[in-house]
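First up is the structure itself, then whatever we jot down about it.
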2 protein chains.
Amino acid sequence: METGGVDKKRLYELLWGTPSGPRRGPRPTLTLDAIARAGIAIADADGLEGLTMQRVAESLAVTKMALYRYVPGKAELVALMLETAIGAPPPPPEGADWRGQLDDWTRQIFDRFRRHPWAQAATVAPRVPGPNELAWVERVVAALSDTGLTGDERLDVAVLLVGHARNLAQHTAAGTAPAQGREAAFAVLVSGREERFPALDAALRSIPTEAPGDQALDFGLARILDGIQALISTRATAAPPGDHPPPSRK
Amino acid sequence: METGGVDKKRLYELLWGTPSGPRRGPRPTLTLDAIARAGIAIADADGLEGLTMQRVAESLAVTKMALYRYVPGKAELVALMLETAIGAPPPPPEGADWRGQLDDWTRQIFDRFRRHPWAQAATVAPRVPGPNELAWVERVVAALSDTGLTGDERLDVAVLLVGHARNLAQHTAAGTAPAQGREAAFAVLVSGREERFPALDAALRSIPTEAPGDQALDFGLARILDGIQALISTRATAAPPGDHPPPSRK
DNA sequence: AGTACTCTGTATCCGACGGAAACAGTTTAG
DNA sequence: CTAAACTGTTTCCGTCGGATACAGAGTACT
């Protein structure tokens with residue numbers, strides 16, 4: 001079953017390889033892109049558990065084994081699907097400062113994760129990033145160019161933001177049909193056990209807001225950006241803008 | 001194969017059910033706890049892909065099907081393993097304010113995730129929280145009792161912090177043996193494509209710090225706590241302490 | 001033009017996995 | 001002491017990812 005072991009070399013070629021020139025045998029009937037899209041359609045509908053090589057092949061009107069001419073295995077197919085589903089990052093909003101850019105960036109990538117609920121489950125394993133994934137990271141780092149943050153701090157910001165988006169996409173994907181929110185599910189578990197979870201019980205009682213859905217995303221994002229702003233302010237007063245401050249990491 | 005569909009009713013009994021009284025047939029040779037620990041040992045060693053009912057049964061010297069007398073299926077076994085591996089939350093540090101408590105809390109749960117790398121992959125699906133998981137959330141909400149935050153804001157903080165810990169646990173689990181950090185992996189991909197990723201290239205060049213490992217955790221955690229502190233300060237000036245401020249959510 | 005080579009998709013096969021069903025042995029309730 | 005309930009085992013099945021061998025299709029070279 002699921003090998004889990006990914007052929008990193010072949011995966012690199014798969015994600016970063018250029019389309020080669022004219023070759024000898026019969027022309028392929030499929031495209032990497034078409035395969036990825038077929039897999040995405042299936043995973044969007046039934047999740048990663050519903051994604052089998054059989055079903056992908058059927059939806060493309062080929063045999064299961066034909067797919068292995070294009071893709072080394074299922075793990076690499078999922079990686080390719082992820083790269084295709086995430087797509088290229090949209091252009092940053094006009095005239096936005098770093099905060100506006102990062103705010104937009106996080107909502108954009110959150111939207112990608114929400115449209116493809118399987119994607120956030122596919123990003124749990126260590127993986128080889130594709131061109132699109134790297135382009136998204138590039139956007140974050142570029143937005144922070146003139147803030148005086150160090151190189152790895154900018155990368156840390158990217159990790160922080162994408163983690164938040166992914167995390168929230170999971171939580172919103174969880175509360176779909178039945179009980180509307182996590183509060184309802186928690187309340188059921190807490191009820192009858194108030195003495196074990198007093199603070200939780202109090203918190204659940206004092207909830208007046210009927211927020212739509214992206215509320216938790218907004219909350220966390222606002223806190224994170226506030227925290228980054230505080231750091232940038234510190235750096236700005238410590239050193240003139242445009243200059244690289246000394247790394248004051250402990 | 002992987003059903004994915006979890007019997008929520010049986011899972012609830014599994015996680016929250018109390019040990020029943022004297023029953024009729026032969027006494028069970030196994031314990032739920034022993035099964036969970038056996039599964040944890042296997043998953044710690046070989047990940048969730050290496051976890052099979054067969055191997056768990058072998059390590060307990062029983063047949064595979066014997067496990068199904070205790071656990072409805074593999075998905076529920078993983079949920080039980082998660083609950084056992086996370087364990088009960090440790091007591092908060094003596095005399096710490098909310099910030100100190102949340103800082104310690106995040107590092108504690110990060111440590112759990114790092115000790116059991118499979119755990120963060122097991123928390124991607126919507127699930128029924130167990131007693132331990134709920135107790136961890138209780139700790140966060142309790143730490144924020146006197147901060148003037150609303151009930152769902154406190155829950156949002158819990159989501160934010162656990163998401164960060166899980167996210168960073170994944171990233172540190174990724175960079176284990178071969179190339180030491182994400183910077184090295186990124187640098188390989190960026191090299192030769194500097195014109196496509198100029199900001200990323202600049203960021204990778206300006207990295208002097210040879211940080212040990214928890215650096216990204218520290219960075220994000222500090223930003224998040226700074227952001228929460230900013231919000232609490234706002235609330236404190238708007239309303240006297242101990243009083244519930246009006247929900248100023250947009 | 002013809003031939004040899006290479007690439008494609010297919011058919012067949014395999015081991016491993018999660019789980020269902022039926023069974024035999026064991027312990028307690030009446 | 002008997003009947004009911006519960007345990008662990010055996011046997012079996014469908015599905016999955018993947019290896020291998022093969023036949024046809026198209027191109028490069030002589």
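Note on naming: chains are A, B, ... as they come in the structure tokens, residues start from 1 per chain, ligands start from 1 in the order shown.
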
Inset, instruction - Could you give me, as a PyMOL selection string, each residue of stretch 6-140 of chain A that DSSP assigns to alpha helix (DSSP H) when run on this structure's backbone? - result: chain A and resi 8-16+32-46+53-59+74-86+98-115+117-122+131-140

Inset, instruction - Write out as a PyMOL selection string the residues lying within 12 Å of stretch 18-26 of chain D, counting only C-alpha atoms (C1' of nucleotides) and excluding same-chain residues fewer than 5 positions away. - result: (chain A and resi 1-3+22-28+53+64-65+67-68+72-74) or (chain C and resi 5-16)

Output of the above residues as a compact mmCIF listing (two decimals), in the first residue's frame, restricted to N, CA and C atoms (P, O5', C5', C4', C3', O3' and C1' of nucleotides):
```txt
# COMPACT_ATOMS: atom_id res chain seq x y z
N MET A 1 0.84 -1.19 0.00
CA MET A 1 0.00 0.00 0.00
C MET A 1 0.87 1.24 0.00
N GLU A 2 0.33 2.32 0.49
CA GLU A 2 1.00 3.61 0.53
C GLU A 2 2.48 3.49 0.89
N THR A 3 3.33 3.65 -0.09
CA THR A 3 4.74 3.51 0.19
C THR A 3 5.23 4.60 1.12
N PRO A 22 11.43 16.60 -29.33
CA PRO A 22 10.75 15.51 -30.04
C PRO A 22 11.38 14.16 -29.71
N ARG A 23 10.54 13.22 -29.37
CA ARG A 23 11.03 11.91 -28.99
C ARG A 23 10.54 10.85 -29.97
N ARG A 24 10.88 9.63 -29.68
CA ARG A 24 10.75 8.61 -30.70
C ARG A 24 9.37 7.94 -30.78
N GLY A 25 8.98 7.23 -29.77
CA GLY A 25 7.81 6.35 -29.83
C GLY A 25 6.50 7.04 -30.16
N PRO A 26 5.39 6.36 -29.91
CA PRO A 26 4.07 6.95 -30.16
C PRO A 26 3.83 8.12 -29.25
N ARG A 27 3.07 9.09 -29.72
CA ARG A 27 2.84 10.29 -28.91
C ARG A 27 1.94 9.97 -27.73
N PRO A 28 2.27 10.52 -26.61
CA PRO A 28 1.48 10.25 -25.40
C PRO A 28 0.05 10.74 -25.55
N MET A 53 -5.44 5.23 -7.93
CA MET A 53 -4.93 5.24 -9.30
C MET A 53 -6.00 4.74 -10.26
N LYS A 64 -5.05 1.69 -15.43
CA LYS A 64 -4.36 2.19 -14.24
C LYS A 64 -2.85 2.29 -14.48
N MET A 65 -2.31 1.23 -15.11
CA MET A 65 -0.85 1.19 -15.25
C MET A 65 -0.32 2.23 -16.23
N LEU A 67 -0.82 5.28 -16.07
CA LEU A 67 -0.43 6.47 -15.31
C LEU A 67 1.03 6.39 -14.87
N TYR A 68 1.51 5.18 -14.66
CA TYR A 68 2.87 5.04 -14.16
C TYR A 68 3.91 5.39 -15.22
N PRO A 72 5.74 8.52 -11.07
CA PRO A 72 6.39 7.36 -10.44
C PRO A 72 5.49 6.60 -9.48
N GLY A 73 4.59 7.28 -8.82
CA GLY A 73 3.73 6.60 -7.84
C GLY A 73 2.68 7.55 -7.32
N LYS A 74 1.93 7.07 -6.39
CA LYS A 74 0.82 7.87 -5.89
C LYS A 74 1.31 9.09 -5.12
P DC C 5 18.68 -2.45 -32.88
O5' DC C 5 18.22 -1.19 -32.02
C5' DC C 5 18.52 0.12 -32.48
C4' DC C 5 17.48 1.11 -31.98
C3' DC C 5 17.05 0.90 -30.52
O3' DC C 5 17.20 2.12 -29.83
C1' DC C 5 15.16 1.16 -31.90
P DT C 6 17.36 2.13 -28.24
O5' DT C 6 16.15 3.05 -27.80
C5' DT C 6 15.85 4.23 -28.57
C4' DT C 6 14.38 4.60 -28.41
C3' DT C 6 13.84 4.47 -26.99
O3' DT C 6 13.09 5.62 -26.69
C1' DT C 6 12.41 3.39 -28.49
P DC C 7 13.15 6.28 -25.22
O5' DC C 7 11.60 6.55 -24.96
C5' DC C 7 10.89 7.33 -25.91
C4' DC C 7 9.49 6.77 -26.08
C3' DC C 7 8.69 6.59 -24.79
O3' DC C 7 7.61 7.50 -24.77
C1' DC C 7 8.41 4.76 -26.29
P DT C 8 6.70 7.61 -23.48
O5' DT C 8 5.36 6.86 -23.91
C5' DT C 8 4.63 7.29 -25.04
C4' DT C 8 3.58 6.25 -25.38
C3' DT C 8 2.63 5.94 -24.24
O3' DT C 8 1.35 6.47 -24.51
C1' DT C 8 3.44 3.94 -25.29
P DG C 9 0.28 6.72 -23.34
O5' DG C 9 -0.50 5.33 -23.23
C5' DG C 9 -1.35 4.95 -24.31
C4' DG C 9 -1.65 3.47 -24.20
C3' DG C 9 -2.44 3.06 -22.96
O3' DG C 9 -3.64 2.40 -23.36
C1' DG C 9 -0.56 1.64 -23.26
P DT C 10 -4.64 1.77 -22.28
O5' DT C 10 -4.17 0.25 -22.28
C5' DT C 10 -4.01 -0.42 -23.53
C4' DT C 10 -3.71 -1.89 -23.30
C3' DT C 10 -4.56 -2.54 -22.20
O3' DT C 10 -5.15 -3.72 -22.70
C1' DT C 10 -2.24 -2.96 -21.82
P DA C 11 -6.35 -4.43 -21.91
O5' DA C 11 -5.68 -5.81 -21.49
C5' DA C 11 -4.69 -6.40 -22.35
C4' DA C 11 -4.00 -7.55 -21.62
C3' DA C 11 -4.86 -8.25 -20.56
O3' DA C 11 -4.71 -9.66 -20.69
C1' DA C 11 -2.84 -7.42 -19.59
P DT C 12 -5.51 -10.65 -19.71
O5' DT C 12 -4.42 -11.00 -18.60
C5' DT C 12 -3.11 -11.34 -19.03
C4' DT C 12 -2.17 -11.47 -17.84
C3' DT C 12 -2.77 -12.16 -16.60
O3' DT C 12 -1.98 -13.29 -16.26
C1' DT C 12 -1.58 -10.22 -16.00
P DC C 13 -2.44 -14.28 -15.08
O5' DC C 13 -1.52 -13.79 -13.86
C5' DC C 13 -0.12 -13.61 -14.05
C4' DC C 13 0.48 -12.89 -12.85
C3' DC C 13 0.00 -13.41 -11.50
O3' DC C 13 1.06 -14.08 -10.83
C1' DC C 13 0.10 -11.01 -11.59
P DC C 14 0.75 -14.87 -9.47
O5' DC C 14 1.29 -13.86 -8.37
C5' DC C 14 2.55 -13.24 -8.54
C4' DC C 14 2.72 -12.14 -7.50
C3' DC C 14 2.21 -12.54 -6.12
O3' DC C 14 3.30 -12.73 -5.24
C1' DC C 14 1.52 -10.31 -6.74
P DG C 15 3.06 -13.46 -3.85
O5' DG C 15 3.17 -12.24 -2.83
C5' DG C 15 4.23 -11.31 -2.95
C4' DG C 15 3.96 -10.09 -2.08
C3' DG C 15 3.50 -10.42 -0.66
O3' DG C 15 4.12 -9.54 0.25
C1' DG C 15 1.83 -9.13 -1.74
P DA C 16 3.84 -9.65 1.82
O5' DA C 16 2.88 -8.41 2.09
C5' DA C 16 3.31 -7.13 1.68
C4' DA C 16 2.25 -6.10 2.02
C3' DA C 16 1.66 -6.28 3.42
O3' DA C 16 1.62 -5.02 4.09
C1' DA C 16 -0.07 -6.31 1.79
```

What's around stretch 104-115 of chain A at 6 Å? Count only C-alpha atoms (C1' of nucleotides), leave out sequence neighbours fewer than 5 positions away in its own chain, and write the answer as a PDB file with all heavy atoms, in the first residue's frame.
```pdb
ATOM      1  N   ILE A  86      -2.547  24.523  -6.044  1.00  0.00           N
ATOM      2  CA  ILE A  86      -2.152  25.802  -5.430  1.00  0.00           C
ATOM      3  C   ILE A  86      -1.943  26.855  -6.507  1.00  0.00           C
ATOM      4  O   ILE A  86      -2.316  28.005  -6.342  1.00  0.00           O
ATOM      5  CB  ILE A  86      -0.875  25.604  -4.574  1.00  0.00           C
ATOM      6  CG1 ILE A  86      -1.213  25.638  -3.098  1.00  0.00           C
ATOM      7  CG2 ILE A  86       0.139  26.684  -4.835  1.00  0.00           C
ATOM      8  CD1 ILE A  86      -2.362  24.778  -2.661  1.00  0.00           C
ATOM      9  N   ALA A 165      -2.874  29.787   7.759  1.00  0.00           N
ATOM     10  CA  ALA A 165      -3.879  29.575   6.714  1.00  0.00           C
ATOM     11  C   ALA A 165      -4.261  28.102   6.617  1.00  0.00           C
ATOM     12  O   ALA A 165      -5.445  27.746   6.549  1.00  0.00           O
ATOM     13  CB  ALA A 165      -3.345  30.074   5.372  1.00  0.00           C
ATOM     14  N   ALA A 169      -7.850  26.499   7.526  1.00  0.00           N
ATOM     15  CA  ALA A 169      -8.571  25.799   6.464  1.00  0.00           C
ATOM     16  C   ALA A 169      -9.029  24.438   6.961  1.00  0.00           C
ATOM     17  O   ALA A 169     -10.134  23.990   6.647  1.00  0.00           O
ATOM     18  CB  ALA A 169      -7.677  25.630   5.238  1.00  0.00           C
TER      19      ALA A 169
END
```

If we count only C-alpha atoms (C1' of nucleotides), which residues of chain C reach to within 8 Å of chain B? Please list them as a compact mmCIF listing (two decimals) with all heavy atoms, in the first residue's frame.
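part.txt was written with the following content:
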```txt
# COMPACT_ATOMS: atom_id res chain seq x y z
P DC C 17 1.31 -4.96 5.63
OP1 DC C 17 2.22 -3.97 6.19
OP2 DC C 17 1.25 -6.34 6.16
O5' DC C 17 -0.17 -4.35 5.65
C5' DC C 17 -0.42 -3.14 4.95
C4' DC C 17 -1.88 -3.03 4.63
O4' DC C 17 -2.26 -4.07 3.72
C3' DC C 17 -2.79 -3.25 5.83
O3' DC C 17 -3.07 -2.03 6.47
C2' DC C 17 -4.07 -3.84 5.20
C1' DC C 17 -3.67 -4.16 3.78
N1 DC C 17 -4.07 -5.53 3.35
C2 DC C 17 -5.24 -5.72 2.62
O2 DC C 17 -5.94 -4.73 2.36
N3 DC C 17 -5.60 -6.97 2.24
C4 DC C 17 -4.82 -8.01 2.54
N4 DC C 17 -5.19 -9.23 2.14
C5 DC C 17 -3.61 -7.84 3.29
C6 DC C 17 -3.28 -6.59 3.67
P DG C 18 -3.81 -2.05 7.88
OP1 DG C 18 -3.50 -0.76 8.53
OP2 DG C 18 -3.47 -3.32 8.55
O5' DG C 18 -5.35 -2.09 7.48
C5' DG C 18 -5.90 -1.00 6.75
C4' DG C 18 -7.36 -1.24 6.51
O4' DG C 18 -7.53 -2.43 5.71
C3' DG C 18 -8.19 -1.44 7.77
O3' DG C 18 -9.43 -0.77 7.64
C2' DG C 18 -8.34 -2.96 7.84
C1' DG C 18 -8.36 -3.36 6.38
N9 DG C 18 -7.83 -4.69 6.12
C8 DG C 18 -6.66 -5.21 6.61
N7 DG C 18 -6.43 -6.44 6.23
C5 DG C 18 -7.52 -6.76 5.44
C6 DG C 18 -7.82 -7.96 4.75
O6 DG C 18 -7.17 -9.00 4.70
N1 DG C 18 -9.03 -7.88 4.07
C2 DG C 18 -9.84 -6.76 4.04
N2 DG C 18 -10.95 -6.85 3.33
N3 DG C 18 -9.56 -5.62 4.69
C4 DG C 18 -8.39 -5.70 5.36
P DT C 26 -10.59 -23.30 27.33
OP1 DT C 26 -9.14 -23.32 27.62
OP2 DT C 26 -11.43 -24.48 27.58
O5' DT C 26 -11.23 -22.04 28.07
C5' DT C 26 -10.70 -20.75 27.83
C4' DT C 26 -11.59 -19.70 28.49
O4' DT C 26 -12.86 -19.62 27.78
C3' DT C 26 -11.93 -19.97 29.94
O3' DT C 26 -11.80 -18.76 30.67
C2' DT C 26 -13.40 -20.42 29.88
C1' DT C 26 -13.90 -19.55 28.73
N1 DT C 26 -15.15 -20.01 28.08
C2 DT C 26 -16.20 -19.13 27.94
O2 DT C 26 -16.16 -17.98 28.34
N3 DT C 26 -17.31 -19.64 27.32
C4 DT C 26 -17.47 -20.93 26.83
O4 DT C 26 -18.52 -21.29 26.29
C5 DT C 26 -16.35 -21.80 27.00
C7 DT C 26 -16.41 -23.21 26.51
C6 DT C 26 -15.24 -21.31 27.61
P DT C 27 -11.08 -18.78 32.11
OP1 DT C 27 -9.93 -17.88 32.05
OP2 DT C 27 -10.93 -20.19 32.55
O5' DT C 27 -12.21 -18.09 33.01
C5' DT C 27 -12.50 -16.72 32.81
C4' DT C 27 -13.99 -16.46 32.92
O4' DT C 27 -14.72 -17.33 32.04
C3' DT C 27 -14.61 -16.69 34.30
O3' DT C 27 -14.79 -15.43 34.93
C2' DT C 27 -15.94 -17.41 34.00
C1' DT C 27 -16.06 -17.29 32.49
N1 DT C 27 -16.83 -18.38 31.83
C2 DT C 27 -18.06 -18.08 31.28
O2 DT C 27 -18.57 -16.99 31.32
N3 DT C 27 -18.69 -19.15 30.69
C4 DT C 27 -18.22 -20.46 30.59
O4 DT C 27 -18.88 -21.33 30.04
C5 DT C 27 -16.94 -20.69 31.17
C7 DT C 27 -16.32 -22.06 31.12
C6 DT C 27 -16.30 -19.65 31.77
P DT C 28 -15.03 -15.31 36.49
OP1 DT C 28 -14.27 -14.15 37.00
OP2 DT C 28 -14.85 -16.64 37.08
O5' DT C 28 -16.59 -14.94 36.52
C5' DT C 28 -17.05 -13.78 35.84
C4' DT C 28 -18.50 -13.94 35.46
O4' DT C 28 -18.70 -15.16 34.71
C3' DT C 28 -19.49 -14.01 36.63
O3' DT C 28 -20.46 -12.99 36.48
C2' DT C 28 -20.09 -15.42 36.54
C1' DT C 28 -19.97 -15.69 35.05
N1 DT C 28 -19.98 -17.13 34.67
C2 DT C 28 -20.98 -17.61 33.86
O2 DT C 28 -21.89 -16.91 33.43
N3 DT C 28 -20.90 -18.95 33.56
C4 DT C 28 -19.92 -19.84 33.99
O4 DT C 28 -19.95 -21.03 33.66
C5 DT C 28 -18.90 -19.27 34.83
C7 DT C 28 -17.80 -20.14 35.35
C6 DT C 28 -18.97 -17.95 35.13
P DA C 29 -21.33 -12.50 37.70
OP1 DA C 29 -21.21 -11.04 37.79
OP2 DA C 29 -21.00 -13.34 38.86
O5' DA C 29 -22.82 -12.87 37.22
C5' DA C 29 -23.30 -12.31 35.99
C4' DA C 29 -24.64 -12.91 35.62
O4' DA C 29 -24.47 -14.30 35.22
C3' DA C 29 -25.67 -12.92 36.74
O3' DA C 29 -26.97 -12.65 36.21
C2' DA C 29 -25.57 -14.34 37.30
C1' DA C 29 -25.23 -15.16 36.06
N9 DA C 29 -24.40 -16.33 36.34
C8 DA C 29 -23.29 -16.37 37.14
N7 DA C 29 -22.73 -17.57 37.20
C5 DA C 29 -23.54 -18.35 36.39
C6 DA C 29 -23.48 -19.72 36.04
N6 DA C 29 -22.52 -20.55 36.49
N1 DA C 29 -24.41 -20.20 35.21
C2 DA C 29 -25.36 -19.35 34.77
N3 DA C 29 -25.51 -18.04 35.01
C4 DA C 29 -24.56 -17.61 35.84
```

Inset, instruction - Enter the distance from atom CA of A:Ala236 to atom CA of A:Glu153, in Å, rounded to one decimal. - result: 14.9 Å

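Coordinates place atom CA of A:Ala75 at a distance of 8.9 Å from atom CA of A:Asp7.
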
Which residues come within 9 Å of B:Val124, counting only C-alpha atoms (C1' of nucleotides), excluding same-chain residues fewer than 2 positions away, as a tab-separated table (two decimals) with C-alpha atoms, in the first residue's frame?
```
chain	number	residue	atom	x	y	z
A	120	GLN	CA	-3.75	20.77	3.70
A	121	ALA	CA	-3.61	17.07	4.51
A	124	VAL	CA	1.93	17.30	6.37
A	167	ASN	CA	-4.56	25.38	10.14
A	170	GLN	CA	-8.59	22.51	8.31
A	171	HIS	CA	-10.80	23.83	11.07
B	120	GLN	CA	0.64	16.16	13.71
B	121	ALA	CA	-0.29	14.18	10.63
B	122	ALA	CA	-3.06	12.50	12.61
B	126	PRO	CA	-11.90	16.47	11.70
B	127	ARG	CA	-12.09	14.39	14.81
```
